[in-house]
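Asks: coords_21.pdb (PDB, C-alpha atoms and all ligand atoms) pasted underneath:
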```pdb
ATOM      1  CA  MET A  30     -30.188   5.300  15.383
ATOM      2  CA  PRO A  31     -28.487   2.082  14.269
ATOM      3  CA  VAL A  32     -25.919   2.383  11.489
ATOM      4  CA  ILE A  33     -26.394  -0.083   8.655
ATOM      5  CA  ARG A  34     -24.331  -0.264   5.466
ATOM      6  CA  SER A  35     -25.099  -2.741   2.723
ATOM      7  CA  ASP A  36     -22.995  -4.056  -0.159
ATOM      8  CA  LEU A  37     -19.964  -2.003   0.802
ATOM      9  CA  PRO A  38     -16.730  -2.861  -1.092
ATOM     10  CA  ALA A  39     -14.157  -3.957   1.489
ATOM     11  CA  LEU A  40     -10.702  -5.551   1.661
ATOM     12  CA  VAL A  41      -9.826  -7.885   4.530
ATOM     13  CA  LEU A  42      -6.690  -6.531   6.240
ATOM     14  CA  ASP A  43      -6.680  -8.745   9.303
ATOM     15  CA  SER A  44      -8.729 -11.359  11.084
ATOM     16  CA  TYR A  45      -8.383 -13.132  14.392
ATOM     17  CA  ASP A  46     -10.359 -15.481  16.593
ATOM     18  CA  TYR A  47     -12.563 -13.988  19.260
ATOM     19  CA  GLY A  48     -13.899 -16.352  21.857
ATOM     20  CA  GLU A  49     -14.829 -19.877  20.902
ATOM     21  CA  SER A  50     -16.678 -19.283  17.703
ATOM     22  CA  ASP A  51     -16.392 -15.660  16.568
ATOM     23  CA  LYS A  52     -13.847 -13.615  14.664
ATOM     24  CA  ILE A  53     -12.881  -9.985  14.668
ATOM     25  CA  VAL A  54     -12.189  -8.875  11.117
ATOM     26  CA  VAL A  55     -10.380  -5.670  10.171
ATOM     27  CA  PHE A  56     -11.688  -4.236   6.900
ATOM     28  CA  PHE A  57     -10.539  -1.400   4.714
ATOM     29  CA  CYS A  58     -13.821  -0.196   3.222
ATOM     30  CA  GLN A  59     -14.587   2.105   0.340
ATOM     31  CA  ASP A  60     -16.152   5.415   1.550
ATOM     32  CA  VAL A  61     -15.766   4.407   5.199
ATOM     33  CA  GLY A  62     -12.096   3.633   5.868
ATOM     34  CA  ARG A  63     -10.942   1.024   8.312
ATOM     35  CA  ILE A  64     -13.375  -0.746  10.589
ATOM     36  CA  SER A  65     -13.192  -3.764  12.890
ATOM     37  CA  ALA A  66     -16.286  -5.942  12.859
ATOM     38  CA  LEU A  67     -17.404  -8.963  14.820
ATOM     39  CA  ALA A  68     -18.270 -11.948  12.637
ATOM     40  CA  ARG A  69     -20.437 -14.177  14.773
ATOM     41  CA  GLY A  70     -19.945 -17.870  14.215
ATOM     42  CA  ALA A  71     -17.187 -17.286  11.661
ATOM     43  CA  HIS A  72     -14.801 -19.567  13.498
ATOM     44  CA  ARG A  73     -17.348 -22.374  13.337
ATOM     45  CA  SER A  74     -17.326 -22.259   9.527
ATOM     46  CA  LYS A  75     -20.822 -20.921   9.252
ATOM     47  CA  LYS A  76     -21.834 -20.979   5.627
ATOM     48  CA  ARG A  77     -22.226 -17.267   5.163
ATOM     49  CA  PHE A  78     -18.594 -16.555   6.078
ATOM     50  CA  VAL A  79     -16.709 -19.702   5.108
ATOM     51  CA  ASN A  80     -13.501 -18.963   3.160
ATOM     52  CA  LYS A  81     -14.394 -15.307   2.913
ATOM     53  CA  LEU A  82     -12.550 -13.737   5.807
ATOM     54  CA  GLU A  83      -8.978 -14.502   4.733
ATOM     55  CA  ILE A  84      -6.582 -11.576   4.472
ATOM     56  CA  PHE A  85      -6.426  -9.823   1.050
ATOM     57  CA  THR A  86      -9.947 -10.996   0.138
ATOM     58  CA  PHE A  87     -12.153  -8.481  -1.656
ATOM     59  CA  LEU A  88     -15.764  -8.574  -0.453
ATOM     60  CA  GLN A  89     -19.003  -6.684  -0.443
ATOM     61  CA  ILE A  90     -20.080  -6.518   3.156
ATOM     62  CA  THR A  91     -23.158  -5.561   5.107
ATOM     63  CA  TYR A  92     -22.629  -4.425   8.651
ATOM     64  CA  SER A  93     -24.605  -2.829  11.443
ATOM     65  CA  LYS A  94     -23.848  -0.926  14.585
ATOM     66  CA  SER A  95     -26.445  -0.437  17.255
ATOM     67  CA  ARG A  96     -25.074   2.612  19.053
ATOM     68  CA  ALA A  97     -22.007   4.839  19.265
ATOM     69  CA  GLY A  98     -19.043   3.054  20.764
ATOM     70  CA  SER A  99     -20.397  -0.421  20.159
ATOM     71  CA  LEU A 100     -18.726  -2.919  17.888
ATOM     72  CA  PHE A 101     -19.604  -3.198  14.213
ATOM     73  CA  MET A 102     -21.416  -6.474  13.497
ATOM     74  CA  LEU A 103     -20.689  -8.198  10.208
ATOM     75  CA  ASP A 104     -24.053  -9.360   8.873
ATOM     76  CA  GLU A 105     -23.231 -10.520   5.351
ATOM     77  CA  ALA A 106     -20.111 -11.001   3.212
ATOM     78  CA  GLU A 107     -20.315 -11.521  -0.543
ATOM     79  CA  LEU A 108     -17.110 -12.702  -2.213
ATOM     80  CA  VAL A 109     -15.992 -10.433  -5.069
ATOM     81  CA  ASN A 110     -12.422 -11.717  -5.564
ATOM     82  CA  SER A 111     -10.303 -13.941  -3.354
ATOM     83  CA  PHE A 112      -7.134 -12.974  -5.318
ATOM     84  CA  ILE A 113      -6.154 -16.615  -5.413
ATOM     85  CA  SER A 114      -2.656 -16.020  -6.884
ATOM     86  CA  LEU A 115      -1.686 -14.150  -3.730
ATOM     87  CA  ARG A 116      -2.074 -17.416  -1.859
ATOM     88  CA  THR A 117      -0.364 -19.679  -4.374
ATOM     89  CA  ASP A 118       2.637 -17.599  -5.482
ATOM     90  CA  LEU A 119       5.169 -16.830  -2.765
ATOM     91  CA  THR A 120       6.542 -13.580  -4.221
ATOM     92  CA  SER A 121       3.016 -12.275  -4.856
ATOM     93  CA  TYR A 122       2.075 -13.186  -1.305
ATOM     94  CA  ARG A 123       5.096 -11.367   0.096
ATOM     95  CA  VAL A 124       4.501  -8.230  -1.942
ATOM     96  CA  ALA A 125       0.790  -8.298  -1.019
ATOM     97  CA  SER A 126       1.885  -8.558   2.620
ATOM     98  CA  ILE A 127       3.988  -5.415   2.250
ATOM     99  CA  ILE A 128       0.991  -3.595   0.742
ATOM    100  CA  ARG A 129      -1.187  -4.852   3.582
ATOM    101  CA  GLU A 130       1.307  -3.612   6.187
ATOM    102  CA  TYR A 131       1.251  -0.129   4.651
ATOM    103  CA  MET A 132      -2.569  -0.221   4.654
ATOM    104  CA  LEU A 133      -2.618  -1.139   8.331
ATOM    105  CA  LEU A 134      -0.169   1.681   9.019
ATOM    106  CA  THR A 135      -1.881   4.396   7.027
ATOM    107  CA  THR A 136      -5.627   3.743   7.251
ATOM    108  CA  ARG A 137      -7.581   4.986  10.216
ATOM    109  CA  GLU A 138     -10.854   4.032  11.816
ATOM    110  CA  THR A 139     -13.672   5.492   9.786
ATOM    111  CA  SER A 140     -11.579   7.893   7.722
ATOM    112  CA  ASP A 141     -12.769   7.970   4.159
ATOM    113  CA  ASP A 142      -9.952   7.864   1.651
ATOM    114  CA  ASP A 143     -11.158   6.631  -1.681
ATOM    115  CA  GLN A 144      -7.822   7.120  -3.458
ATOM    116  CA  LEU A 145      -6.041   4.923  -0.949
ATOM    117  CA  PHE A 146      -8.731   2.265  -1.293
ATOM    118  CA  GLN A 147      -8.499   2.338  -5.089
ATOM    119  CA  LEU A 148      -4.692   2.123  -4.895
ATOM    120  CA  ALA A 149      -4.768  -0.945  -2.632
ATOM    121  CA  LEU A 150      -7.368  -2.602  -4.831
ATOM    122  CA  TRP A 151      -5.360  -1.858  -7.975
ATOM    123  CA  ALA A 152      -2.199  -3.353  -6.416
ATOM    124  CA  LEU A 153      -3.873  -6.594  -5.314
ATOM    125  CA  HIS A 154      -5.654  -6.941  -8.671
ATOM    126  CA  SER A 155      -2.394  -6.359 -10.551
ATOM    127  CA  LEU A 156      -0.508  -8.926  -8.484
ATOM    128  CA  ASN A 157      -3.315 -11.404  -8.976
ATOM    129  CA  THR A 158      -3.289 -10.991 -12.752
ATOM    130  CA  GLY A 159       0.429 -11.780 -12.947
ATOM    131  CA  ILE A 160       1.912  -8.329 -13.500
ATOM    132  CA  ASP A 161       5.553  -8.257 -12.346
ATOM    133  CA  GLN A 162       5.466  -8.045  -8.550
ATOM    134  CA  LYS A 163       8.383  -5.611  -8.278
ATOM    135  CA  GLN A 164       6.742  -3.279 -10.761
ATOM    136  CA  VAL A 165       3.482  -3.361  -8.853
ATOM    137  CA  LEU A 166       5.254  -2.609  -5.578
ATOM    138  CA  ALA A 167       7.280   0.264  -7.069
ATOM    139  CA  LEU A 168       4.211   1.898  -8.644
ATOM    140  CA  PHE A 169       2.189   1.345  -5.480
ATOM    141  CA  MET A 170       4.858   3.061  -3.377
ATOM    142  CA  ILE A 171       5.091   6.123  -5.632
ATOM    143  CA  LYS A 172       1.312   6.602  -5.510
ATOM    144  CA  LEU A 173       1.129   5.830  -1.785
ATOM    145  CA  PHE A 174       3.363   8.806  -0.966
ATOM    146  CA  ASP A 175       1.256  10.885  -3.319
ATOM    147  CA  VAL A 176      -2.075   9.919  -1.791
ATOM    148  CA  LEU A 177      -0.768  10.456   1.741
ATOM    149  CA  GLY A 178       0.535  13.922   0.864
ATOM    150  CA  TYR A 179       4.235  13.020   1.014
ATOM    151  CA  ARG A 180       5.050  13.285  -2.664
ATOM    152  CA  PRO A 181       8.840  13.592  -3.068
ATOM    153  CA  ASP A 182       9.852  16.902  -4.597
ATOM    154  CA  PHE A 183      12.109  16.577  -7.633
ATOM    155  CA  SER A 184      11.511  20.068  -8.979
ATOM    156  CA  VAL A 185      14.657  21.823  -7.694
ATOM    157  CA  CYS A 186      17.777  21.083  -5.643
ATOM    158  CA  GLN A 187      17.038  21.741  -1.957
ATOM    159  CA  SER A 188      20.481  23.282  -1.543
ATOM    160  CA  CYS A 189      21.037  25.628  -4.506
ATOM    161  CA  GLY A 190      17.457  25.889  -5.755
ATOM    162  CA  THR A 191      18.303  25.139  -9.381
ATOM    163  CA  ARG A 192      16.599  22.555 -11.556
ATOM    164  CA  PRO A 193      19.043  19.812 -12.618
ATOM    165  CA  ALA A 194      19.305  19.058 -16.347
ATOM    166  CA  SER A 195      17.071  16.184 -17.443
ATOM    167  CA  HIS A 196      20.020  13.811 -17.971
ATOM    168  CA  GLU A 197      21.634  14.463 -14.546
ATOM    169  CA  GLU A 198      21.825  12.062 -11.626
ATOM    170  CA  VAL A 199      20.603  13.489  -8.311
ATOM    171  CA  LEU A 200      20.641  12.449  -4.660
ATOM    172  CA  PHE A 201      17.363  11.756  -2.883
ATOM    173  CA  ASN A 202      17.133  12.847   0.733
ATOM    174  CA  VAL A 203      15.063  10.115   2.403
ATOM    175  CA  GLN A 204      14.632  12.246   5.506
ATOM    176  CA  GLY A 205      13.013  15.137   3.722
ATOM    177  CA  GLY A 206      11.576  13.726   0.507
ATOM    178  CA  THR A 207      13.673  16.262  -1.387
ATOM    179  CA  MET A 208      16.659  16.083  -3.715
ATOM    180  CA  ILE A 209      20.123  17.545  -4.042
ATOM    181  CA  CYS A 210      21.931  18.095  -7.312
ATOM    182  CA  LYS A 211      25.330  16.521  -7.931
ATOM    183  CA  LYS A 212      27.145  19.857  -7.565
ATOM    184  CA  CYS A 213      25.803  20.312  -4.043
ATOM    185  CA  SER A 214      26.169  16.675  -3.089
ATOM    186  CA  ALA A 215      29.572  16.828  -1.357
ATOM    187  CA  GLY A 216      29.185  15.725   2.257
ATOM    188  CA  HIS A 217      25.541  14.682   1.718
ATOM    189  CA  ASP A 218      25.968  10.954   1.279
ATOM    190  CA  GLN A 219      24.515  10.067   4.703
ATOM    191  CA  GLY A 220      20.834   9.242   4.310
ATOM    192  CA  HIS A 221      20.872  10.097   0.619
ATOM    193  CA  ARG A 222      20.283   7.688  -2.245
ATOM    194  CA  LEU A 223      21.529   8.075  -5.776
ATOM    195  CA  LEU A 224      18.839   8.370  -8.432
ATOM    196  CA  ALA A 225      19.528   8.084 -12.142
ATOM    197  CA  ALA A 226      17.888  10.659 -14.388
ATOM    198  CA  GLY A 227      15.589   7.913 -15.687
ATOM    199  CA  THR A 228      14.394   7.182 -12.159
ATOM    200  CA  THR A 229      13.339  10.735 -11.324
ATOM    201  CA  MET A 230      11.643  10.973 -14.741
ATOM    202  CA  MET A 231       9.752   7.721 -14.097
ATOM    203  CA  ILE A 232       8.664   8.789 -10.604
ATOM    204  CA  SER A 233       7.506  12.207 -11.843
ATOM    205  CA  ALA A 234       5.569  10.616 -14.719
ATOM    206  CA  VAL A 235       3.847   8.104 -12.413
ATOM    207  CA  GLN A 236       2.930  10.888  -9.970
ATOM    208  CA  GLN A 237       0.999  12.652 -12.762
ATOM    209  CA  GLN A 238      -1.246   9.690 -13.555
ATOM    210  CA  PRO A 239      -4.375   8.420 -11.831
ATOM    211  CA  VAL A 240      -4.329   4.940 -10.313
ATOM    212  CA  PHE A 241      -6.234   3.299 -13.160
ATOM    213  CA  ARG A 242      -3.466   4.279 -15.605
ATOM    214  CA  LEU A 243      -0.570   2.817 -13.580
ATOM    215  CA  ASN A 244      -0.314  -0.361 -15.636
ATOM    216  CA  ARG A 245       1.043   1.608 -18.574
ATOM    217  CA  PHE A 246       4.332   2.063 -16.646
ATOM    218  CA  LYS A 247       6.908  -0.707 -16.669
ATOM    219  CA  PRO A 248       9.921   0.337 -14.575
ATOM    220  CA  SER A 249      12.772  -2.168 -14.833
ATOM    221  CA  GLY A 250      16.503  -2.606 -14.159
ATOM    222  CA  THR A 251      18.260   0.204 -12.278
ATOM    223  CA  VAL A 252      15.172   2.437 -12.347
ATOM    224  CA  LEU A 253      13.105  -0.235 -10.615
ATOM    225  CA  GLU A 254      15.820  -0.994  -8.049
ATOM    226  CA  GLN A 255      16.254   2.661  -7.197
ATOM    227  CA  ILE A 256      12.507   3.278  -6.818
ATOM    228  CA  LEU A 257      12.207   0.330  -4.426
ATOM    229  CA  ASP A 258      15.308   1.296  -2.464
ATOM    230  CA  CYS A 259      14.236   4.942  -2.076
ATOM    231  CA  SER A 260      10.633   4.052  -1.276
ATOM    232  CA  TYR A 261      11.578   1.581   1.411
ATOM    233  CA  ASN A 262      13.983   4.006   3.092
ATOM    234  CA  TYR A 263      11.727   7.041   2.696
ATOM    235  CA  SER A 264       8.763   5.153   4.208
ATOM    236  CA  ARG A 265      10.848   3.962   7.170
ATOM    237  CA  HIS A 266      11.662   7.567   7.871
ATOM    238  CA  LEU A 267       8.076   8.804   7.373
ATOM    239  CA  PHE A 268       6.514   6.198   9.635
ATOM    240  CA  GLN A 269       9.445   6.163  12.068
ATOM    241  CA  ARG A 270       9.522   2.383  12.121
ATOM    242  CA  ASP A 271      10.642  -0.584  10.129
ATOM    243  CA  ILE A 272       8.348  -2.226   7.583
ATOM    244  CA  HIS A 273       8.543  -5.803   8.838
ATOM    245  CA  SER A 274       6.981  -7.574   5.871
ATOM    246  CA  TRP A 275       9.622  -6.061   3.612
ATOM    247  CA  LYS A 276      12.139  -8.145   5.559
ATOM    248  CA  ALA A 277      10.209 -11.352   4.823
ATOM    249  CA  LEU A 278      11.620 -11.126   1.336
ATOM    250  CA  ASP A 279      14.803 -12.262   3.156
ATOM    251  CA  SER A 280      16.331  -8.974   2.262
ATOM    252  CA  ARG A 281      15.369  -6.370  -0.278
ATOM    253  CA  LYS A 282      18.267  -7.604  -2.375
ATOM    254  CA  ASN A 283      16.347 -10.819  -2.867
ATOM    255  CA  LEU A 284      13.491  -8.947  -4.418
ATOM    256  CA  LEU A 285      15.624  -6.756  -6.617
TER
HETATM  257 ZN    ZN A 301      22.289  22.075  -5.937
END
```
Written as C-alpha cells, how would this file's structure read?
Replies:
Amino acid sequence: MPVIRSDLPALVLDSYDYGESDKIVVFFCQDVGRISALARGAHRSKKRFVNKLEIFTFLQITYSKSRAGSLFMLDEAELVNSFISLRTDLTSYRVASIIREYMLLTTRETSDDDQLFQLALWALHSLNTGIDQKQVLALFMIKLFDVLGYRPDFSVCQSCGTRPASHEEVLFNVQGGTMICKKCSAGHDQGHRLLAAGTTMMISAVQQQPVFRLNRFKPSGTVLEQILDCSYNYSRHLFQRDIHSWKALDSRKNLL
C-alpha cells in the first residue's frame, strides 16, 4: 500500500542537489519525525517548489511513498512561514543554525516527537519575531534537555544529598547533569561550572513550563551567560561531539 500524507507541517532542515534537476530535502515533520524526500525538478526552479526548500522554512507538505524502503517523494509544498528575519539578520541566522544542528543531531527517521517539533517551531518563530536571540537559545536549550529526557537535576547535591539553600551558588557537573553544593565542591572544579542561585532557579522554573509559555521568561546578564555556558558544555558531553555551528559565532564569548 502506498503511503501518502497531505498537508503535514514540516520544517526544512537540509536540502541538497540530486542529479541535474532534483533535490533531496530533509524535513522534520509533525507526527512523523525526520524524513528525506526527493523533490523532482526542484533544482530547475519548478513553480511548485521555488523558494520553498530553503533551510529553516516552515511548510505544509504532501508526500508519497510507493513501497517500504523506497524514497519519499515530495508532491506538494505550501509555504507557511519562510522566517525571513533568519536570512537577513546575522545573529538570528547563527542561532537558528545552532538550533538546526541540534535538530539534525536529535531527530530520527520517522520517530514521532511532537514536543521536539513544537520546541523547534517555537524557537524559529521567536527568533523571527525579534525576541532576543540569546534568550531564545537559552530557553531552547533548557527545554531541549527536558524533551530528550536529560533534564539536569538541581534537587540535591550529588555528593552529600542535601538541598542547597535557595540563595546558594552551586557547581553544575556537565558530565552527569547533576550538581554539587559549595561545601562539597573542593577538588570538583574540573568539568564543573559555577551557577548562581538565580540561574538554577531560572532553569527549574523554565523546566516546569510548556513550550508555549517560554516567552514569559527573560533570562539576562549572568543568568543568561551561565545557562548558555552550561548548556553548550552539557550538550557536548551528551552528544559526545562538538556543536560546530556554535563556533560560527566566532566564539561563545561573542554571543554572550
Ligand atoms: Zn554537598
Asks: Between chain A and ligand ZN 301 (chain A), at 9 Å or less, what are the per-residue closest atom pairs and their distances in Å? Count all atoms listed in the file, order by chain and rising residue number, and return it as a tab-separated table.
Replies:
```
residue	atom	partner	partner_atom	distance
A:Val185	CA	A:ZN301	ZN	7.8
A:Cys186	CA	A:ZN301	ZN	4.6
A:Gln187	CA	A:ZN301	ZN	6.6
A:Ser188	CA	A:ZN301	ZN	4.9
A:Cys189	CA	A:ZN301	ZN	4.0
A:Gly190	CA	A:ZN301	ZN	6.2
A:Thr191	CA	A:ZN301	ZN	6.1
A:Arg192	CA	A:ZN301	ZN	8.0
A:Pro193	CA	A:ZN301	ZN	7.8
A:Met208	CA	A:ZN301	ZN	8.5
A:Ile209	CA	A:ZN301	ZN	5.4
A:Cys210	CA	A:ZN301	ZN	4.2
A:Lys211	CA	A:ZN301	ZN	6.6
A:Lys212	CA	A:ZN301	ZN	5.6
A:Cys213	CA	A:ZN301	ZN	4.4
A:Ser214	CA	A:ZN301	ZN	7.2
```
Asks: Which residues, written as number ranges by chain, have at least one atom at most 9 Å from Gly70 of chain A, with all atoms listed in the file counted and residues fewer than 2 positions away on the same chain left out?
Replies: A: 49-52, 68, 72-75, 78
Asks: Using the chain letters and numbers from the file, give me the residues hit by the PyMOL selection byres (((chain A and resi 125) around 8) and not hetatm), as a CSV table (one decimal) with C-alpha atoms, keeping the file's coordinate frame.
Replies:
```csv
chain,number,residue,atom,x,y,z
A,85,PHE,CA,-6.4,-9.8,1.0
A,115,LEU,CA,-1.7,-14.2,-3.7
A,121,SER,CA,3.0,-12.3,-4.9
A,122,TYR,CA,2.1,-13.2,-1.3
A,123,ARG,CA,5.1,-11.4,0.1
A,124,VAL,CA,4.5,-8.2,-1.9
A,126,SER,CA,1.9,-8.6,2.6
A,127,ILE,CA,4.0,-5.4,2.2
A,128,ILE,CA,1.0,-3.6,0.7
A,129,ARG,CA,-1.2,-4.9,3.6
A,152,ALA,CA,-2.2,-3.4,-6.4
A,153,LEU,CA,-3.9,-6.6,-5.3
A,156,LEU,CA,-0.5,-8.9,-8.5
```
Asks: In Å, how far is it from atom CA of Asp182 of chain A to atom CA of Gly206 of chain A?
Replies: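 Between these atoms lies a distance of 6.3 Å.
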Asks: Name the residues that the PyMOL selection byres (((chain A and resi 155) around 12) and not hetatm) picks from the file above, as a PyMOL selection string, using the file's chain letters and numbers.
Replies: chain A and resi 112+114-115+121+124-125+147-154+156-166+168-169+240-245
Asks: Given only C-alpha atoms as the basis, pick out the residue of A:Ser95, A:Gln255, A:Thr117, A:Ser274 nearest to Ile33 of chain A.
Replies: A:Ser95
